[in-house]
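Content type PDB, C-alpha atoms, pLDDT in the B column, from the file my_file_37.pdb:
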```
ATOM      1  CA  MET A   1     -37.248  40.034 -47.177  1.00 77.00           C
ATOM      2  CA  ALA A   2     -39.177  43.253 -46.571  1.00 87.00           C
ATOM      3  CA  ASN A   3     -37.925  45.844 -44.100  1.00 92.00           C
ATOM      4  CA  LEU A   4     -40.146  47.404 -41.467  1.00 90.00           C
ATOM      5  CA  LYS A   5     -41.101  51.047 -41.867  1.00 94.00           C
ATOM      6  CA  TRP A   6     -42.088  51.520 -38.197  1.00 93.00           C
ATOM      7  CA  LYS A   7     -41.172  49.797 -34.980  1.00 93.00           C
ATOM      8  CA  THR A   8     -44.233  48.065 -33.456  1.00 91.00           C
ATOM      9  CA  PRO A   9     -45.105  49.738 -30.137  1.00 93.00           C
ATOM     10  CA  ARG A  10     -44.982  47.672 -26.946  1.00 93.00           C
ATOM     11  CA  SER A  11     -48.654  48.318 -26.249  1.00 92.00           C
ATOM     12  CA  LYS A  12     -49.699  46.729 -29.533  1.00 92.00           C
ATOM     13  CA  THR A  13     -47.466  43.707 -28.910  1.00 89.00           C
ATOM     14  CA  ARG A  14     -48.820  43.352 -25.370  1.00 90.00           C
ATOM     15  CA  SER A  15     -52.448  43.578 -26.453  1.00 90.00           C
ATOM     16  CA  ARG A  16     -51.900  40.970 -29.185  1.00 89.00           C
ATOM     17  CA  ARG A  17     -50.316  38.657 -26.643  1.00 86.00           C
ATOM     18  CA  ALA A  18     -53.021  39.301 -24.025  1.00 87.00           C
ATOM     19  CA  ALA A  19     -55.776  38.545 -26.548  1.00 87.00           C
ATOM     20  CA  ASN A  20     -54.949  34.840 -26.259  1.00 87.00           C
ATOM     21  CA  TRP A  21     -54.972  34.707 -22.440  1.00 88.00           C
ATOM     22  CA  LYS A  22     -58.445  33.348 -21.954  1.00 88.00           C
ATOM     23  CA  LEU A  23     -59.907  30.711 -19.677  1.00 90.00           C
ATOM     24  CA  SER A  24     -61.828  27.815 -21.114  1.00 91.00           C
ATOM     25  CA  PRO A  25     -65.043  26.778 -19.357  1.00 93.00           C
ATOM     26  CA  VAL A  26     -64.788  23.829 -16.970  1.00 93.00           C
ATOM     27  CA  THR A  27     -66.013  20.587 -18.521  1.00 95.00           C
ATOM     28  CA  ALA A  28     -68.639  18.745 -16.504  1.00 96.00           C
ATOM     29  CA  VAL A  29     -70.158  15.303 -16.996  1.00 96.00           C
ATOM     30  CA  GLU A  30     -72.961  13.591 -15.115  1.00 96.00           C
ATOM     31  CA  CYS A  31     -71.959  11.138 -12.390  1.00 94.00           C
ATOM     32  CA  PRO A  32     -73.463   7.722 -13.240  1.00 93.00           C
ATOM     33  CA  GLN A  33     -74.152   6.992  -9.558  1.00 91.00           C
ATOM     34  CA  CYS A  34     -75.741  10.142  -8.142  1.00 92.00           C
ATOM     35  CA  HIS A  35     -76.321  12.106 -11.378  1.00 93.00           C
ATOM     36  CA  GLN A  36     -74.600  15.233 -10.030  1.00 94.00           C
ATOM     37  CA  PRO A  37     -72.220  17.202 -12.269  1.00 95.00           C
ATOM     38  CA  ARG A  38     -68.546  16.297 -11.841  1.00 95.00           C
ATOM     39  CA  ARG A  39     -65.313  16.820 -13.772  1.00 95.00           C
ATOM     40  CA  PRO A  40     -64.205  14.012 -16.092  1.00 96.00           C
ATOM     41  CA  HIS A  41     -61.520  11.691 -14.634  1.00 95.00           C
ATOM     42  CA  PHE A  42     -62.188  13.077 -11.127  1.00 95.00           C
ATOM     43  CA  VAL A  43     -63.787  11.376  -8.125  1.00 94.00           C
ATOM     44  CA  CYS A  44     -67.364  12.537  -7.574  1.00 93.00           C
ATOM     45  CA  ARG A  45     -67.356  14.784  -4.506  1.00 91.00           C
ATOM     46  CA  PHE A  46     -70.992  14.057  -3.732  1.00 91.00           C
ATOM     47  CA  CYS A  47     -70.977  10.240  -3.652  1.00 92.00           C
ATOM     48  CA  GLY A  48     -67.238   9.348  -3.685  1.00 93.00           C
ATOM     49  CA  PHE A  49     -67.466   6.986  -6.665  1.00 93.00           C
ATOM     50  CA  TYR A  50     -64.944   6.753  -9.496  1.00 93.00           C
ATOM     51  CA  ASP A  51     -65.006   4.194 -12.319  1.00 92.00           C
ATOM     52  CA  GLY A  52     -67.897   2.267 -10.761  1.00 90.00           C
ATOM     53  CA  ARG A  53     -66.387   1.804  -7.278  1.00 92.00           C
ATOM     54  CA  LYS A  54     -66.344   3.830  -4.073  1.00 92.00           C
ATOM     55  CA  VAL A  55     -62.882   5.293  -3.546  1.00 92.00           C
ATOM     56  CA  ILE A  56     -63.485   7.978  -0.890  1.00 90.00           C
ATOM     57  CA  GLU A  57     -66.049   8.695   1.770  1.00 90.00           C
ATOM     58  CA  PRO A  58     -67.765  11.965   0.782  1.00 83.00           C
ATOM     59  CA  LYS A  59     -67.338  14.824   3.238  1.00 78.00           C
ATOM     60  CA  ASP A  60     -70.297  16.089   5.209  1.00 74.00           C
ATOM     61  CA  GLU A  61     -71.153  19.599   3.996  1.00 68.00           C
ATOM     62  CA  HIS A  62     -71.473  20.917   7.556  1.00 65.00           C
ATOM     63  CA  ALA A  63     -68.593  19.030   9.186  1.00 58.00           C
ATOM     64  CA  GLY A  64     -66.652  21.152  11.633  1.00 57.00           C
ATOM     65  CA  HIS A  65     -69.300  23.878  11.785  1.00 61.00           C
ATOM     66  CA  SER A  66     -71.358  24.372  14.906  1.00 64.00           C
ATOM     67  CA  HIS A  67     -74.369  26.579  14.346  1.00 61.00           C
ATOM     68  CA  ALA A  68     -76.220  26.925  17.636  1.00 57.00           C
TER
END
```
Represent the supplied structure as structure tokens.
Amino acid sequence: MANLKWKTPRSKTRSRRAANWKLSPVTAVECPQCHQPRRPHFVCRFCGFYDGRKVIEPKDEHAGHSHA
């Protein structure tokens, strides 16, 4: 086995490690009921449907806000 000539600096090791810390874009599919984008295997937040049936009542966008 070959021997190293120089010790690898910490900064090089850190930058190599940090090069793989990336976020992947969020996957979105179209809801078959309301045709809004939603995440796969998640309840649609706009219509409340999942797998062809209504599982939650969607929240009102302005619930709890009183704009006079």
Hits of the PyMOL selection byres ((chain A and resi 23-29) around 12) in this structure, as JSON, numbers by chain: {"A": [18, 19, 20, 21, 22, 30, 31, 32, 33, 34, 35, 36, 37, 38, 39, 40, 41, 42, 43, 44]}
Can you work out the spacing between CA of Met1 (chain A) and CA of Ser15 (chain A) in Å, to one decimal?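 Interatomic distance, CA of Met1 (chain A) to CA of Ser15 (chain A): 25.9 Å.
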Draw an axis-aligned box over all listed atoms of region 40-54 of chain A, pad each side with 5 Å, and write its centre and edge lengths in Å, one decimal, as JSON.
```
{"center_x": -66.3, "center_y": 8.3, "center_z": -9.9, "size_x": 19.5, "size_y": 23.0, "size_z": 22.4}
```
Carefully work through the PyMOL selection byres ((chain A and resi 57) around 12) for this structure and note down the residues it includes, as a list in words.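 In the shown coordinates, the PyMOL selection byres ((chain A and resi 57) around 12) covers Val43, Cys44, Arg45, Phe46, Cys47, Gly48, Phe49, Tyr50, Arg53, Lys54, Val55, Ile56, Pro58, Lys59 and Asp60 of chain A.
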Take region 4-31 of chain A, bring it up to N, CA and C atoms, and give me the output as a PDB file, keeping the file's coordinate frame.
```pdb
ATOM      1  N   LEU A   4     -39.080  46.697 -42.172  1.00 90.00           N
ATOM      2  CA  LEU A   4     -40.146  47.404 -41.467  1.00 90.00           C
ATOM      3  C   LEU A   4     -40.000  48.902 -41.658  1.00 90.00           C
ATOM      4  N   LYS A   5     -41.131  49.596 -41.783  1.00 94.00           N
ATOM      5  CA  LYS A   5     -41.101  51.047 -41.867  1.00 94.00           C
ATOM      6  C   LYS A   5     -41.170  51.660 -40.479  1.00 94.00           C
ATOM      7  N   TRP A   6     -41.933  51.009 -39.548  1.00 93.00           N
ATOM      8  CA  TRP A   6     -42.088  51.520 -38.197  1.00 93.00           C
ATOM      9  C   TRP A   6     -41.894  50.393 -37.203  1.00 93.00           C
ATOM     10  N   LYS A   7     -41.330  50.756 -36.062  1.00 93.00           N
ATOM     11  CA  LYS A   7     -41.172  49.797 -34.980  1.00 93.00           C
ATOM     12  C   LYS A   7     -42.548  49.595 -34.324  1.00 93.00           C
ATOM     13  N   THR A   8     -42.946  48.347 -34.085  1.00 91.00           N
ATOM     14  CA  THR A   8     -44.233  48.065 -33.456  1.00 91.00           C
ATOM     15  C   THR A   8     -44.180  48.479 -31.989  1.00 91.00           C
ATOM     16  N   PRO A   9     -45.132  49.296 -31.532  1.00 93.00           N
ATOM     17  CA  PRO A   9     -45.105  49.738 -30.137  1.00 93.00           C
ATOM     18  C   PRO A   9     -45.362  48.586 -29.170  1.00 93.00           C
ATOM     19  N   ARG A  10     -44.827  48.723 -27.956  1.00 93.00           N
ATOM     20  CA  ARG A  10     -44.982  47.672 -26.946  1.00 93.00           C
ATOM     21  C   ARG A  10     -46.447  47.422 -26.616  1.00 93.00           C
ATOM     22  N   SER A  11     -47.246  48.478 -26.612  1.00 92.00           N
ATOM     23  CA  SER A  11     -48.654  48.318 -26.249  1.00 92.00           C
ATOM     24  C   SER A  11     -49.389  47.432 -27.261  1.00 92.00           C
ATOM     25  N   LYS A  12     -49.057  47.559 -28.511  1.00 92.00           N
ATOM     26  CA  LYS A  12     -49.699  46.729 -29.533  1.00 92.00           C
ATOM     27  C   LYS A  12     -49.262  45.274 -29.385  1.00 92.00           C
ATOM     28  N   THR A  13     -47.978  45.063 -29.110  1.00 89.00           N
ATOM     29  CA  THR A  13     -47.466  43.707 -28.910  1.00 89.00           C
ATOM     30  C   THR A  13     -48.126  43.071 -27.696  1.00 89.00           C
ATOM     31  N   ARG A  14     -48.220  43.864 -26.600  1.00 90.00           N
ATOM     32  CA  ARG A  14     -48.820  43.352 -25.370  1.00 90.00           C
ATOM     33  C   ARG A  14     -50.286  42.998 -25.560  1.00 90.00           C
ATOM     34  N   SER A  15     -51.020  43.851 -26.278  1.00 90.00           N
ATOM     35  CA  SER A  15     -52.448  43.578 -26.453  1.00 90.00           C
ATOM     36  C   SER A  15     -52.668  42.358 -27.355  1.00 90.00           C
ATOM     37  N   ARG A  16     -51.793  42.159 -28.338  1.00 89.00           N
ATOM     38  CA  ARG A  16     -51.900  40.970 -29.185  1.00 89.00           C
ATOM     39  C   ARG A  16     -51.650  39.720 -28.365  1.00 89.00           C
ATOM     40  N   ARG A  17     -50.657  39.799 -27.481  1.00 86.00           N
ATOM     41  CA  ARG A  17     -50.316  38.657 -26.643  1.00 86.00           C
ATOM     42  C   ARG A  17     -51.435  38.383 -25.641  1.00 86.00           C
ATOM     43  N   ALA A  18     -51.981  39.443 -25.047  1.00 87.00           N
ATOM     44  CA  ALA A  18     -53.021  39.301 -24.025  1.00 87.00           C
ATOM     45  C   ALA A  18     -54.338  38.816 -24.623  1.00 87.00           C
ATOM     46  N   ALA A  19     -54.525  38.978 -25.922  1.00 87.00           N
ATOM     47  CA  ALA A  19     -55.776  38.545 -26.548  1.00 87.00           C
ATOM     48  C   ALA A  19     -55.947  37.036 -26.486  1.00 87.00           C
ATOM     49  N   ASN A  20     -54.869  36.304 -26.304  1.00 87.00           N
ATOM     50  CA  ASN A  20     -54.949  34.840 -26.259  1.00 87.00           C
ATOM     51  C   ASN A  20     -54.931  34.288 -24.845  1.00 87.00           C
ATOM     52  N   TRP A  21     -54.935  35.158 -23.831  1.00 88.00           N
ATOM     53  CA  TRP A  21     -54.972  34.707 -22.440  1.00 88.00           C
ATOM     54  C   TRP A  21     -56.412  34.590 -21.990  1.00 88.00           C
ATOM     55  N   LYS A  22     -57.054  33.521 -22.334  1.00 88.00           N
ATOM     56  CA  LYS A  22     -58.445  33.348 -21.954  1.00 88.00           C
ATOM     57  C   LYS A  22     -58.631  31.998 -21.260  1.00 88.00           C
ATOM     58  N   LEU A  23     -59.597  31.946 -20.387  1.00 90.00           N
ATOM     59  CA  LEU A  23     -59.907  30.711 -19.677  1.00 90.00           C
ATOM     60  C   LEU A  23     -60.957  29.939 -20.465  1.00 90.00           C
ATOM     61  N   SER A  24     -60.802  28.637 -20.480  1.00 91.00           N
ATOM     62  CA  SER A  24     -61.828  27.815 -21.114  1.00 91.00           C
ATOM     63  C   SER A  24     -62.808  27.360 -20.036  1.00 91.00           C
ATOM     64  N   PRO A  25     -64.068  27.194 -20.368  1.00 93.00           N
ATOM     65  CA  PRO A  25     -65.043  26.778 -19.357  1.00 93.00           C
ATOM     66  C   PRO A  25     -64.736  25.368 -18.859  1.00 93.00           C
ATOM     67  N   VAL A  26     -65.053  25.126 -17.592  1.00 93.00           N
ATOM     68  CA  VAL A  26     -64.788  23.829 -16.970  1.00 93.00           C
ATOM     69  C   VAL A  26     -65.746  22.804 -17.557  1.00 93.00           C
ATOM     70  N   THR A  27     -65.205  21.668 -17.975  1.00 95.00           N
ATOM     71  CA  THR A  27     -66.013  20.587 -18.521  1.00 95.00           C
ATOM     72  C   THR A  27     -66.662  19.814 -17.377  1.00 95.00           C
ATOM     73  N   ALA A  28     -67.923  19.515 -17.522  1.00 96.00           N
ATOM     74  CA  ALA A  28     -68.639  18.745 -16.504  1.00 96.00           C
ATOM     75  C   ALA A  28     -69.402  17.616 -17.179  1.00 96.00           C
ATOM     76  N   VAL A  29     -69.376  16.452 -16.537  1.00 96.00           N
ATOM     77  CA  VAL A  29     -70.158  15.303 -16.996  1.00 96.00           C
ATOM     78  C   VAL A  29     -71.051  14.862 -15.844  1.00 96.00           C
ATOM     79  N   GLU A  30     -72.045  14.069 -16.143  1.00 96.00           N
ATOM     80  CA  GLU A  30     -72.961  13.591 -15.115  1.00 96.00           C
ATOM     81  C   GLU A  30     -72.399  12.343 -14.458  1.00 96.00           C
ATOM     82  N   CYS A  31     -72.410  12.321 -13.128  1.00 94.00           N
ATOM     83  CA  CYS A  31     -71.959  11.138 -12.390  1.00 94.00           C
ATOM     84  C   CYS A  31     -72.964  10.014 -12.624  1.00 94.00           C
TER      85      CYS A  31
END
```
